[in-house]
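J.: This is protein-v6.csv (CSV, N, CA, C and O atoms).
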```csv
chain,number,residue,atom,x,y,z
A,1,MET,N,129.5,102.2,216.8
A,1,MET,CA,128.3,102.8,216.4
A,1,MET,C,127.1,101.9,216.6
A,1,MET,O,127.3,100.7,216.3
A,2,ARG,N,126.0,102.4,216.9
A,2,ARG,CA,124.8,101.6,217.1
A,2,ARG,C,124.3,101.2,215.7
A,2,ARG,O,124.3,101.9,214.8
A,3,GLN,N,123.8,99.9,215.6
A,3,GLN,CA,123.2,99.4,214.4
A,3,GLN,C,121.7,99.6,214.5
A,3,GLN,O,121.1,99.3,215.5
A,4,TYR,N,121.1,100.1,213.4
A,4,TYR,CA,119.7,100.3,213.3
A,4,TYR,C,119.1,99.3,212.2
A,4,TYR,O,119.7,99.2,211.1
A,5,LYS,N,118.1,98.6,212.5
A,5,LYS,CA,117.4,97.7,211.6
A,5,LYS,C,116.5,98.5,210.6
A,5,LYS,O,116.4,98.1,209.4
A,6,ARG,N,115.9,99.5,211.1
A,6,ARG,CA,114.9,100.2,210.3
A,6,ARG,C,115.0,101.7,210.7
A,6,ARG,O,115.1,102.1,211.8
A,7,ILE,N,115.0,102.6,209.6
A,7,ILE,CA,115.1,104.0,209.8
A,7,ILE,C,113.8,104.6,209.3
A,7,ILE,O,113.5,104.4,208.1
A,8,LEU,N,113.1,105.3,210.1
A,8,LEU,CA,111.8,106.0,209.7
A,8,LEU,C,112.1,107.4,209.3
A,8,LEU,O,112.8,108.1,210.1
A,9,CYS,N,111.7,107.8,208.2
A,9,CYS,CA,111.9,109.2,207.7
A,9,CYS,C,110.6,109.8,207.2
A,9,CYS,O,110.1,109.4,206.1
A,10,PRO,N,110.1,110.8,207.9
A,10,PRO,CA,108.8,111.4,207.4
A,10,PRO,C,109.2,112.3,206.2
A,10,PRO,O,110.3,112.9,206.2
A,11,VAL,N,108.3,112.4,205.3
A,11,VAL,CA,108.5,113.2,204.0
A,11,VAL,C,107.3,114.0,203.7
A,11,VAL,O,106.1,113.7,204.0
A,12,ASP,N,107.5,115.2,203.2
A,12,ASP,CA,106.5,116.0,202.7
A,12,ASP,C,106.7,116.5,201.3
A,12,ASP,O,106.1,117.4,200.8
A,13,PHE,N,107.8,116.0,200.6
A,13,PHE,CA,108.2,116.3,199.3
A,13,PHE,C,108.8,117.7,199.1
A,13,PHE,O,108.9,118.1,197.9
A,14,SER,N,109.1,118.4,200.2
A,14,SER,CA,109.8,119.7,200.1
A,14,SER,C,111.3,119.5,199.9
A,14,SER,O,111.8,118.4,200.1
A,15,PRO,N,112.0,120.5,199.5
A,15,PRO,CA,113.4,120.4,199.4
A,15,PRO,C,114.1,120.0,200.7
A,15,PRO,O,115.0,119.2,200.7
A,16,PHE,N,113.6,120.5,201.8
A,16,PHE,CA,114.2,120.1,203.1
A,16,PHE,C,113.9,118.7,203.4
A,16,PHE,O,114.8,118.0,204.0
A,17,SER,N,112.7,118.2,203.1
A,17,SER,CA,112.4,116.8,203.3
A,17,SER,C,113.2,115.9,202.5
A,17,SER,O,113.7,114.9,202.9
A,18,ASN,N,113.4,116.3,201.2
A,18,ASN,CA,114.3,115.5,200.3
A,18,ASN,C,115.7,115.4,200.8
A,18,ASN,O,116.3,114.3,200.7
A,19,ALA,N,116.2,116.5,201.4
A,19,ALA,CA,117.6,116.4,202.0
A,19,ALA,C,117.6,115.5,203.2
A,19,ALA,O,118.6,114.7,203.4
A,20,ALA,N,116.5,115.5,204.0
A,20,ALA,CA,116.5,114.5,205.1
A,20,ALA,C,116.4,113.1,204.6
A,20,ALA,O,117.0,112.2,205.2
A,21,VAL,N,115.7,112.8,203.6
A,21,VAL,CA,115.6,111.5,203.0
A,21,VAL,C,117.0,111.1,202.5
A,21,VAL,O,117.4,109.9,202.7
A,22,ASP,N,117.7,112.0,201.9
A,22,ASP,CA,119.1,111.7,201.4
A,22,ASP,C,120.0,111.3,202.6
A,22,ASP,O,120.7,110.3,202.5
A,23,GLU,N,119.9,112.0,203.7
A,23,GLU,CA,120.7,111.7,204.9
A,23,GLU,C,120.3,110.3,205.5
A,23,GLU,O,121.1,109.5,205.8
A,24,ALA,N,118.9,110.1,205.6
A,24,ALA,CA,118.5,108.8,206.1
A,24,ALA,C,118.9,107.6,205.2
A,24,ALA,O,119.2,106.6,205.7
A,25,ALA,N,118.8,107.9,203.9
A,25,ALA,CA,119.2,106.8,203.0
A,25,ALA,C,120.7,106.5,203.1
A,25,ALA,O,121.1,105.4,203.0
A,26,SER,N,121.5,107.5,203.2
A,26,SER,CA,123.0,107.4,203.4
A,26,SER,C,123.2,106.5,204.7
A,26,SER,O,124.1,105.6,204.7
A,27,LEU,N,122.6,106.8,205.7
A,27,LEU,CA,122.7,106.1,207.0
A,27,LEU,C,122.2,104.6,206.8
A,27,LEU,O,122.9,103.7,207.2
A,28,ALA,N,121.1,104.5,206.1
A,28,ALA,CA,120.6,103.1,205.9
A,28,ALA,C,121.6,102.3,205.0
A,28,ALA,O,121.8,101.1,205.3
A,29,LEU,N,122.1,102.9,204.0
A,29,LEU,CA,123.1,102.2,203.2
A,29,LEU,C,124.3,101.8,204.0
A,29,LEU,O,124.8,100.7,203.8
A,30,SER,N,124.8,102.7,204.8
A,30,SER,CA,126.1,102.4,205.5
A,30,SER,C,125.8,101.3,206.6
A,30,SER,O,126.8,100.6,207.0
A,31,MET,N,124.6,101.2,207.1
A,31,MET,CA,124.3,100.2,208.1
A,31,MET,C,123.6,99.0,207.7
A,31,MET,O,123.3,98.1,208.4
A,32,GLY,N,123.2,99.0,206.4
A,32,GLY,CA,122.4,97.8,205.9
A,32,GLY,C,121.0,97.8,206.5
A,32,GLY,O,120.4,96.8,206.6
A,33,SER,N,120.5,99.0,206.7
A,33,SER,CA,119.2,99.1,207.4
A,33,SER,C,118.1,99.3,206.3
A,33,SER,O,118.4,99.7,205.2
A,34,GLU,N,116.9,99.1,206.7
A,34,GLU,CA,115.7,99.3,205.9
A,34,GLU,C,115.3,100.8,206.1
A,34,GLU,O,115.4,101.3,207.2
A,35,LEU,N,114.9,101.4,205.0
A,35,LEU,CA,114.5,102.8,205.1
A,35,LEU,C,113.0,102.8,204.9
A,35,LEU,O,112.4,102.3,203.9
A,36,CYS,N,112.3,103.4,205.9
A,36,CYS,CA,110.8,103.5,205.8
A,36,CYS,C,110.4,104.9,205.6
A,36,CYS,O,110.7,105.8,206.5
A,37,LEU,N,109.8,105.2,204.5
A,37,LEU,CA,109.3,106.6,204.2
A,37,LEU,C,107.9,106.7,204.6
A,37,LEU,O,107.1,105.8,204.3
A,38,LEU,N,107.5,107.8,205.3
A,38,LEU,CA,106.2,108.0,205.8
A,38,LEU,C,105.7,109.4,205.4
A,38,LEU,O,106.4,110.4,205.7
A,39,HIS,N,104.6,109.5,204.7
A,39,HIS,CA,103.9,110.7,204.5
A,39,HIS,C,102.6,110.8,205.1
A,39,HIS,O,101.7,109.9,204.8
A,40,ALA,N,102.4,111.7,206.0
A,40,ALA,CA,101.1,111.9,206.6
A,40,ALA,C,100.4,113.1,206.0
A,40,ALA,O,101.1,114.1,205.8
A,41,TYR,N,99.2,113.1,205.8
A,41,TYR,CA,98.5,114.2,205.2
A,41,TYR,C,97.2,114.5,206.0
A,41,TYR,O,96.7,113.7,206.7
A,42,GLN,N,96.9,115.8,206.0
A,42,GLN,CA,95.7,116.3,206.7
A,42,GLN,C,94.5,116.1,205.8
A,42,GLN,O,94.6,116.5,204.6
A,43,ASN,N,93.4,115.6,206.3
A,43,ASN,CA,92.2,115.4,205.6
A,43,ASN,C,91.8,116.8,205.1
A,43,ASN,O,91.6,117.7,206.0
A,44,PRO,N,91.6,117.0,203.8
A,44,PRO,CA,91.2,118.3,203.3
A,44,PRO,C,89.7,118.6,203.5
A,44,PRO,O,89.0,118.7,202.6
A,45,ALA,N,89.3,118.7,204.8
A,45,ALA,CA,87.9,118.9,205.1
A,45,ALA,C,87.8,120.3,205.7
A,45,ALA,O,88.7,120.8,206.3
A,46,TYR,N,86.6,120.9,205.6
A,46,TYR,CA,86.4,122.2,206.2
A,46,TYR,C,85.1,122.2,206.9
A,46,TYR,O,84.1,121.5,206.6
A,47,VAL,N,85.0,123.1,207.9
A,47,VAL,CA,83.8,123.3,208.7
A,47,VAL,C,83.4,124.7,208.3
A,47,VAL,O,84.1,125.7,208.6
A,48,LEU,N,82.2,124.8,207.6
A,48,LEU,CA,81.7,126.1,207.2
A,48,LEU,C,80.6,126.5,208.1
A,48,LEU,O,79.7,125.7,208.4
A,49,PRO,N,80.5,127.8,208.4
A,49,PRO,CA,79.4,128.3,209.2
A,49,PRO,C,78.1,128.0,208.5
A,49,PRO,O,78.0,128.1,207.3
A,50,MET,N,77.1,127.6,209.2
A,50,MET,CA,75.7,127.3,208.7
A,50,MET,C,75.7,126.1,207.8
A,50,MET,O,74.6,125.6,207.5
A,51,SER,N,76.8,125.5,207.4
A,51,SER,CA,76.7,124.4,206.5
A,51,SER,C,77.2,123.1,207.2
A,51,SER,O,76.9,122.0,206.8
A,52,GLY,N,78.1,123.3,208.2
A,52,GLY,CA,78.6,122.1,208.8
A,52,GLY,C,79.9,121.6,208.1
A,52,GLY,O,80.6,122.3,207.5
A,53,TYR,N,80.1,120.3,208.3
A,53,TYR,CA,81.3,119.7,207.7
A,53,TYR,C,81.2,119.5,206.2
A,53,TYR,O,80.2,119.0,205.7
A,54,VAL,N,82.2,119.9,205.5
A,54,VAL,CA,82.3,119.7,204.1
A,54,VAL,C,83.6,119.0,203.9
A,54,VAL,O,84.7,119.6,204.1
A,55,GLY,N,83.5,117.8,203.4
A,55,GLY,CA,84.7,117.0,203.2
A,55,GLY,C,84.8,116.4,201.8
A,55,GLY,O,83.9,116.5,201.0
A,56,PRO,N,85.9,115.8,201.6
A,56,PRO,CA,86.1,115.1,200.3
A,56,PRO,C,85.3,113.9,200.1
A,56,PRO,O,85.0,113.2,201.1
A,57,THR,N,85.0,113.6,198.9
A,57,THR,CA,84.3,112.3,198.6
A,57,THR,C,85.2,111.1,198.7
A,57,THR,O,86.5,111.3,198.7
A,58,ALA,N,84.7,109.9,198.8
A,58,ALA,CA,85.5,108.7,198.9
A,58,ALA,C,86.4,108.6,197.6
A,58,ALA,O,87.6,108.2,197.7
A,59,ASP,N,85.9,109.0,196.5
A,59,ASP,CA,86.7,109.0,195.2
A,59,ASP,C,87.9,110.0,195.3
A,59,ASP,O,89.0,109.6,194.8
A,60,MET,N,87.6,111.1,195.9
A,60,MET,CA,88.7,112.1,196.0
A,60,MET,C,89.8,111.6,196.9
A,60,MET,O,91.0,111.7,196.7
A,61,ILE,N,89.4,110.9,198.0
A,61,ILE,CA,90.4,110.4,199.0
A,61,ILE,C,91.2,109.3,198.3
A,61,ILE,O,92.4,109.2,198.4
A,62,THR,N,90.5,108.4,197.6
A,62,THR,CA,91.2,107.3,196.9
A,62,THR,C,92.2,107.9,195.9
A,62,THR,O,93.3,107.4,195.8
A,63,GLN,N,91.8,108.9,195.1
A,63,GLN,CA,92.7,109.5,194.1
A,63,GLN,C,93.9,110.2,194.8
A,63,GLN,O,95.0,110.0,194.3
A,64,MET,N,93.6,110.9,195.9
A,64,MET,CA,94.7,111.5,196.7
A,64,MET,C,95.7,110.5,197.2
A,64,MET,O,96.9,110.6,197.1
A,65,ARG,N,95.2,109.4,197.8
A,65,ARG,CA,96.1,108.3,198.3
A,65,ARG,C,96.9,107.7,197.1
A,65,ARG,O,98.1,107.4,197.3
A,66,ARG,N,96.3,107.5,196.0
A,66,ARG,CA,97.0,106.9,194.8
A,66,ARG,C,98.1,107.8,194.4
A,66,ARG,O,99.2,107.4,194.1
A,67,GLN,N,97.8,109.1,194.3
A,67,GLN,CA,98.8,110.1,193.9
A,67,GLN,C,100.0,110.2,194.9
A,67,GLN,O,101.1,110.2,194.5
A,68,LEU,N,99.7,110.2,196.2
A,68,LEU,CA,100.7,110.2,197.2
A,68,LEU,C,101.5,109.0,197.1
A,68,LEU,O,102.8,109.0,197.3
A,69,ALA,N,100.9,107.8,196.9
A,69,ALA,CA,101.7,106.5,196.8
A,69,ALA,C,102.6,106.6,195.7
A,69,ALA,O,103.8,106.1,195.7
A,70,GLU,N,102.2,107.1,194.5
A,70,GLU,CA,103.0,107.3,193.4
A,70,GLU,C,104.2,108.2,193.6
A,70,GLU,O,105.3,107.9,193.2
A,71,GLU,N,103.9,109.3,194.3
A,71,GLU,CA,105.0,110.2,194.7
A,71,GLU,C,106.1,109.5,195.6
A,71,GLU,O,107.3,109.7,195.4
A,72,LEU,N,105.6,108.8,196.6
A,72,LEU,CA,106.5,108.0,197.5
A,72,LEU,C,107.3,107.0,196.7
A,72,LEU,O,108.5,106.9,196.9
A,73,GLU,N,106.6,106.3,195.7
A,73,GLU,CA,107.3,105.3,194.9
A,73,GLU,C,108.4,106.0,194.1
A,73,GLU,O,109.5,105.5,193.9
A,74,THR,N,108.1,107.2,193.5
A,74,THR,CA,109.1,107.9,192.7
A,74,THR,C,110.3,108.3,193.6
A,74,THR,O,111.4,108.2,193.1
A,75,GLN,N,110.0,108.7,194.8
A,75,GLN,CA,111.1,109.1,195.7
A,75,GLN,C,111.9,107.9,196.1
A,75,GLN,O,113.1,108.1,196.3
A,76,ALA,N,111.3,106.8,196.3
A,76,ALA,CA,112.0,105.6,196.8
A,76,ALA,C,112.9,104.9,195.7
A,76,ALA,O,113.9,104.3,196.0
A,77,ALA,N,112.5,105.1,194.4
A,77,ALA,CA,113.1,104.4,193.3
A,77,ALA,C,114.7,104.5,193.3
A,77,ALA,O,115.4,103.6,193.2
A,78,PRO,N,115.2,105.8,193.4
A,78,PRO,CA,116.7,105.9,193.3
A,78,PRO,C,117.4,105.2,194.4
A,78,PRO,O,118.5,104.7,194.2
A,79,TYR,N,116.8,105.2,195.6
A,79,TYR,CA,117.4,104.5,196.7
A,79,TYR,C,117.4,103.0,196.6
A,79,TYR,O,118.3,102.3,197.0
A,80,ARG,N,116.3,102.5,196.0
A,80,ARG,CA,116.3,101.0,195.7
A,80,ARG,C,117.3,100.6,194.8
A,80,ARG,O,117.9,99.6,194.9
A,81,LYS,N,117.6,101.5,193.8
A,81,LYS,CA,118.7,101.2,192.8
A,81,LYS,C,120.0,101.1,193.5
A,81,LYS,O,120.9,100.5,192.9
A,82,GLN,N,120.2,101.8,194.6
A,82,GLN,CA,121.4,101.8,195.3
A,82,GLN,C,121.5,100.5,196.2
A,82,GLN,O,122.5,100.3,196.9
A,83,GLY,N,120.5,99.7,196.3
A,83,GLY,CA,120.4,98.5,197.1
A,83,GLY,C,119.8,98.7,198.4
A,83,GLY,O,119.9,97.8,199.3
A,84,ILE,N,119.2,99.8,198.7
A,84,ILE,CA,118.5,100.1,200.0
A,84,ILE,C,117.1,99.5,199.9
A,84,ILE,O,116.4,99.7,198.9
A,85,LYS,N,116.8,98.8,200.9
A,85,LYS,CA,115.4,98.3,201.0
A,85,LYS,C,114.5,99.4,201.5
A,85,LYS,O,114.8,100.0,202.6
A,86,VAL,N,113.6,99.9,200.7
A,86,VAL,CA,112.7,101.0,201.1
A,86,VAL,C,111.3,100.5,201.1
A,86,VAL,O,110.8,99.9,200.2
A,87,GLU,N,110.6,100.9,202.2
A,87,GLU,CA,109.2,100.6,202.4
A,87,GLU,C,108.4,101.9,202.4
A,87,GLU,O,108.9,102.9,202.9
```
Here is a file; write its structure as structure tokens.

T.:
Amino acid sequence: MRQYKRILCPVDFSPFSNAAVDEAASLALSMGSELCLLHAYQNPAYVLPMSGYVGPTADMITQMRRQLAEELETQAAPYRKQGIKVE
């Protein structure tokens, strides 16, 4: 079987994504690989007729990034307890 040094697993915090993370973590554990969790989000901006671009403030983006980082950390914690290196 091929050895992987790092396994990238995109997450969106849905039940399907959680199942994919479980599988990726199992593979990482069996191979001694690092598990890299990635969450990409769409900028919550809108283009309104006659108004133009309406987007989030810098404070809103900072808060959203902090919240997502906390969610990723919460998701990573159980795997770290199993001895998996999670980034």

J.: As an mmCIF file with N, CA, C and O atoms, keeping the file's coordinate frame, please: every residue in chain A that DSSP puts in helix (DSSP H, G or I).

T.:
```cif
data_model
loop_
_atom_site.group_PDB
_atom_site.id
_atom_site.type_symbol
_atom_site.label_atom_id
_atom_site.label_comp_id
_atom_site.auth_asym_id
_atom_site.auth_seq_id
_atom_site.Cartn_x
_atom_site.Cartn_y
_atom_site.Cartn_z
ATOM 1 N N PRO A 15 112.000 120.500 199.500
ATOM 2 C CA PRO A 15 113.400 120.400 199.400
ATOM 3 C C PRO A 15 114.100 120.000 200.700
ATOM 4 O O PRO A 15 115.000 119.200 200.700
ATOM 5 N N PHE A 16 113.600 120.500 201.800
ATOM 6 C CA PHE A 16 114.200 120.100 203.100
ATOM 7 C C PHE A 16 113.900 118.700 203.400
ATOM 8 O O PHE A 16 114.800 118.000 204.000
ATOM 9 N N SER A 17 112.700 118.200 203.100
ATOM 10 C CA SER A 17 112.400 116.800 203.300
ATOM 11 C C SER A 17 113.200 115.900 202.500
ATOM 12 O O SER A 17 113.700 114.900 202.900
ATOM 13 N N ASN A 18 113.400 116.300 201.200
ATOM 14 C CA ASN A 18 114.300 115.500 200.300
ATOM 15 C C ASN A 18 115.700 115.400 200.800
ATOM 16 O O ASN A 18 116.300 114.300 200.700
ATOM 17 N N ALA A 19 116.200 116.500 201.400
ATOM 18 C CA ALA A 19 117.600 116.400 202.000
ATOM 19 C C ALA A 19 117.600 115.500 203.200
ATOM 20 O O ALA A 19 118.600 114.700 203.400
ATOM 21 N N ALA A 20 116.500 115.500 204.000
ATOM 22 C CA ALA A 20 116.500 114.500 205.100
ATOM 23 C C ALA A 20 116.400 113.100 204.600
ATOM 24 O O ALA A 20 117.000 112.200 205.200
ATOM 25 N N VAL A 21 115.700 112.800 203.600
ATOM 26 C CA VAL A 21 115.600 111.500 203.000
ATOM 27 C C VAL A 21 117.000 111.100 202.500
ATOM 28 O O VAL A 21 117.400 109.900 202.700
ATOM 29 N N ASP A 22 117.700 112.000 201.900
ATOM 30 C CA ASP A 22 119.100 111.700 201.400
ATOM 31 C C ASP A 22 120.000 111.300 202.600
ATOM 32 O O ASP A 22 120.700 110.300 202.500
ATOM 33 N N GLU A 23 119.900 112.000 203.700
ATOM 34 C CA GLU A 23 120.700 111.700 204.900
ATOM 35 C C GLU A 23 120.300 110.300 205.500
ATOM 36 O O GLU A 23 121.100 109.500 205.800
ATOM 37 N N ALA A 24 118.900 110.100 205.600
ATOM 38 C CA ALA A 24 118.500 108.800 206.100
ATOM 39 C C ALA A 24 118.900 107.600 205.200
ATOM 40 O O ALA A 24 119.200 106.600 205.700
ATOM 41 N N ALA A 25 118.800 107.900 203.900
ATOM 42 C CA ALA A 25 119.200 106.800 203.000
ATOM 43 C C ALA A 25 120.700 106.500 203.100
ATOM 44 O O ALA A 25 121.100 105.400 203.000
ATOM 45 N N SER A 26 121.500 107.500 203.200
ATOM 46 C CA SER A 26 123.000 107.400 203.400
ATOM 47 C C SER A 26 123.200 106.500 204.700
ATOM 48 O O SER A 26 124.100 105.600 204.700
ATOM 49 N N LEU A 27 122.600 106.800 205.700
ATOM 50 C CA LEU A 27 122.700 106.100 207.000
ATOM 51 C C LEU A 27 122.200 104.600 206.800
ATOM 52 O O LEU A 27 122.900 103.700 207.200
ATOM 53 N N ALA A 28 121.100 104.500 206.100
ATOM 54 C CA ALA A 28 120.600 103.100 205.900
ATOM 55 C C ALA A 28 121.600 102.300 205.000
ATOM 56 O O ALA A 28 121.800 101.100 205.300
ATOM 57 N N LEU A 29 122.100 102.900 204.000
ATOM 58 C CA LEU A 29 123.100 102.200 203.200
ATOM 59 C C LEU A 29 124.300 101.800 204.000
ATOM 60 O O LEU A 29 124.800 100.700 203.800
ATOM 61 N N SER A 30 124.800 102.700 204.800
ATOM 62 C CA SER A 30 126.100 102.400 205.500
ATOM 63 C C SER A 30 125.800 101.300 206.600
ATOM 64 O O SER A 30 126.800 100.600 207.000
ATOM 65 N N MET A 31 124.600 101.200 207.100
ATOM 66 C CA MET A 31 124.300 100.200 208.100
ATOM 67 C C MET A 31 123.600 99.000 207.700
ATOM 68 O O MET A 31 123.300 98.100 208.400
ATOM 69 N N ALA A 58 84.700 109.900 198.800
ATOM 70 C CA ALA A 58 85.500 108.700 198.900
ATOM 71 C C ALA A 58 86.400 108.600 197.600
ATOM 72 O O ALA A 58 87.600 108.200 197.700
ATOM 73 N N ASP A 59 85.900 109.000 196.500
ATOM 74 C CA ASP A 59 86.700 109.000 195.200
ATOM 75 C C ASP A 59 87.900 110.000 195.300
ATOM 76 O O ASP A 59 89.000 109.600 194.800
ATOM 77 N N MET A 60 87.600 111.100 195.900
ATOM 78 C CA MET A 60 88.700 112.100 196.000
ATOM 79 C C MET A 60 89.800 111.600 196.900
ATOM 80 O O MET A 60 91.000 111.700 196.700
ATOM 81 N N ILE A 61 89.400 110.900 198.000
ATOM 82 C CA ILE A 61 90.400 110.400 199.000
ATOM 83 C C ILE A 61 91.200 109.300 198.300
ATOM 84 O O ILE A 61 92.400 109.200 198.400
ATOM 85 N N THR A 62 90.500 108.400 197.600
ATOM 86 C CA THR A 62 91.200 107.300 196.900
ATOM 87 C C THR A 62 92.200 107.900 195.900
ATOM 88 O O THR A 62 93.300 107.400 195.800
ATOM 89 N N GLN A 63 91.800 108.900 195.100
ATOM 90 C CA GLN A 63 92.700 109.500 194.100
ATOM 91 C C GLN A 63 93.900 110.200 194.800
ATOM 92 O O GLN A 63 95.000 110.000 194.300
ATOM 93 N N MET A 64 93.600 110.900 195.900
ATOM 94 C CA MET A 64 94.700 111.500 196.700
ATOM 95 C C MET A 64 95.700 110.500 197.200
ATOM 96 O O MET A 64 96.900 110.600 197.100
ATOM 97 N N ARG A 65 95.200 109.400 197.800
ATOM 98 C CA ARG A 65 96.100 108.300 198.300
ATOM 99 C C ARG A 65 96.900 107.700 197.100
ATOM 100 O O ARG A 65 98.100 107.400 197.300
ATOM 101 N N ARG A 66 96.300 107.500 196.000
ATOM 102 C CA ARG A 66 97.000 106.900 194.800
ATOM 103 C C ARG A 66 98.100 107.800 194.400
ATOM 104 O O ARG A 66 99.200 107.400 194.100
ATOM 105 N N GLN A 67 97.800 109.100 194.300
ATOM 106 C CA GLN A 67 98.800 110.100 193.900
ATOM 107 C C GLN A 67 100.000 110.200 194.900
ATOM 108 O O GLN A 67 101.100 110.200 194.500
ATOM 109 N N LEU A 68 99.700 110.200 196.200
ATOM 110 C CA LEU A 68 100.700 110.200 197.200
ATOM 111 C C LEU A 68 101.500 109.000 197.100
ATOM 112 O O LEU A 68 102.800 109.000 197.300
ATOM 113 N N ALA A 69 100.900 107.800 196.900
ATOM 114 C CA ALA A 69 101.700 106.500 196.800
ATOM 115 C C ALA A 69 102.600 106.600 195.700
ATOM 116 O O ALA A 69 103.800 106.100 195.700
ATOM 117 N N GLU A 70 102.200 107.100 194.500
ATOM 118 C CA GLU A 70 103.000 107.300 193.400
ATOM 119 C C GLU A 70 104.200 108.200 193.600
ATOM 120 O O GLU A 70 105.300 107.900 193.200
ATOM 121 N N GLU A 71 103.900 109.300 194.300
ATOM 122 C CA GLU A 71 105.000 110.200 194.700
ATOM 123 C C GLU A 71 106.100 109.500 195.600
ATOM 124 O O GLU A 71 107.300 109.700 195.400
ATOM 125 N N LEU A 72 105.600 108.800 196.600
ATOM 126 C CA LEU A 72 106.500 108.000 197.500
ATOM 127 C C LEU A 72 107.300 107.000 196.700
ATOM 128 O O LEU A 72 108.500 106.900 196.900
ATOM 129 N N GLU A 73 106.600 106.300 195.700
ATOM 130 C CA GLU A 73 107.300 105.300 194.900
ATOM 131 C C GLU A 73 108.400 106.000 194.100
ATOM 132 O O GLU A 73 109.500 105.500 193.900
ATOM 133 N N THR A 74 108.100 107.200 193.500
ATOM 134 C CA THR A 74 109.100 107.900 192.700
ATOM 135 C C THR A 74 110.300 108.300 193.600
ATOM 136 O O THR A 74 111.400 108.200 193.100
ATOM 137 N N GLN A 75 110.000 108.700 194.800
ATOM 138 C CA GLN A 75 111.100 109.100 195.700
ATOM 139 C C GLN A 75 111.900 107.900 196.100
ATOM 140 O O GLN A 75 113.100 108.100 196.300
ATOM 141 N N ALA A 76 111.300 106.800 196.300
ATOM 142 C CA ALA A 76 112.000 105.600 196.800
ATOM 143 C C ALA A 76 112.900 104.900 195.700
ATOM 144 O O ALA A 76 113.900 104.300 196.000
ATOM 145 N N ALA A 77 112.500 105.100 194.400
ATOM 146 C CA ALA A 77 113.100 104.400 193.300
ATOM 147 C C ALA A 77 114.700 104.500 193.300
ATOM 148 O O ALA A 77 115.400 103.600 193.200
ATOM 149 N N PRO A 78 115.200 105.800 193.400
ATOM 150 C CA PRO A 78 116.700 105.900 193.300
ATOM 151 C C PRO A 78 117.400 105.200 194.400
ATOM 152 O O PRO A 78 118.500 104.700 194.200
ATOM 153 N N TYR A 79 116.800 105.200 195.600
ATOM 154 C CA TYR A 79 117.400 104.500 196.700
ATOM 155 C C TYR A 79 117.400 103.000 196.600
ATOM 156 O O TYR A 79 118.300 102.300 197.000
ATOM 157 N N ARG A 80 116.300 102.500 196.000
ATOM 158 C CA ARG A 80 116.300 101.000 195.700
ATOM 159 C C ARG A 80 117.300 100.600 194.800
ATOM 160 O O ARG A 80 117.900 99.600 194.900
ATOM 161 N N LYS A 81 117.600 101.500 193.800
ATOM 162 C CA LYS A 81 118.700 101.200 192.800
ATOM 163 C C LYS A 81 120.000 101.100 193.500
ATOM 164 O O LYS A 81 120.900 100.500 192.900
#
```

J.: Set the distance at 8 Å and use all atoms listed in the file: which residues neighbour A:Tyr4 once local chain neighbours fewer than 3 positions away are removed? I'd like the list as a list in words.

T.: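 Returned residues: Met1, Ile7, Leu27, Ala28, Ser30, Met31, Gly32, Ser33 and Glu34 of chain A.
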
J.: Rounded to one decimal place, report the atom N of A:Val86-atom O of A:Thr57 distance in Å.

T.: 29.5 Å

J.: At a cut-off of 7 Å, using all atoms listed in the file, what residues contact A:Ile84? Leave out same-chain residues fewer than 5 positions from it and give the result as a PyMOL selection string.

T.: chain A and resi 25+28-29+33-35+76-79

J.: Enumerate as a list in words all residues of stretch 20-80 of chain A assigned to strand (DSSP E or B) by DSSP on the backbone, naming them with the chain letters and numbers the document uses.

T.: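 Result set for stretch 20-80 of chain A (strand (DSSP E or B)): Glu34, Leu35, Cys36, Leu37, Leu38, Tyr46, Val47, Leu48, Gly52, Tyr53 and Val54 of chain A.
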
J.: What separation in Å, quoted to one decimal, exists between atom O of A:Leu37 and atom O of A:Cys9?

T.: 5.0 Å

J.: Using Å and a single decimal, report how far atom CA of A:Leu8 sits from atom CA of A:Ile61.

T.: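 Interatomic distance, atom CA of A:Ile61 to atom CA of A:Leu8: 24.3 Å.
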
J.: Ranking A:Leu38, A:Ser17, A:Gln82, A:Ala24 by minimum distance to A:Ala69 and counting only C-alpha atoms, which one comes first?

T.: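 Answer, going by the shortest atom-to-atom distance: A:Leu38.
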
J.: Neighbours of A:Ala20 within 10 Å (only C-alpha atoms; same-chain residues fewer than 6 positions away dropped), as an MDAnalysis selection string?

T.: chainID A and resid 9:11 14 26

J.: Point out the residue among A:Leu72, A:Ala58, A:Val21, A:Met64 with the least atom-to-atom distance to A:Gln42, counting only C-alpha atoms.

T.: A:Met64
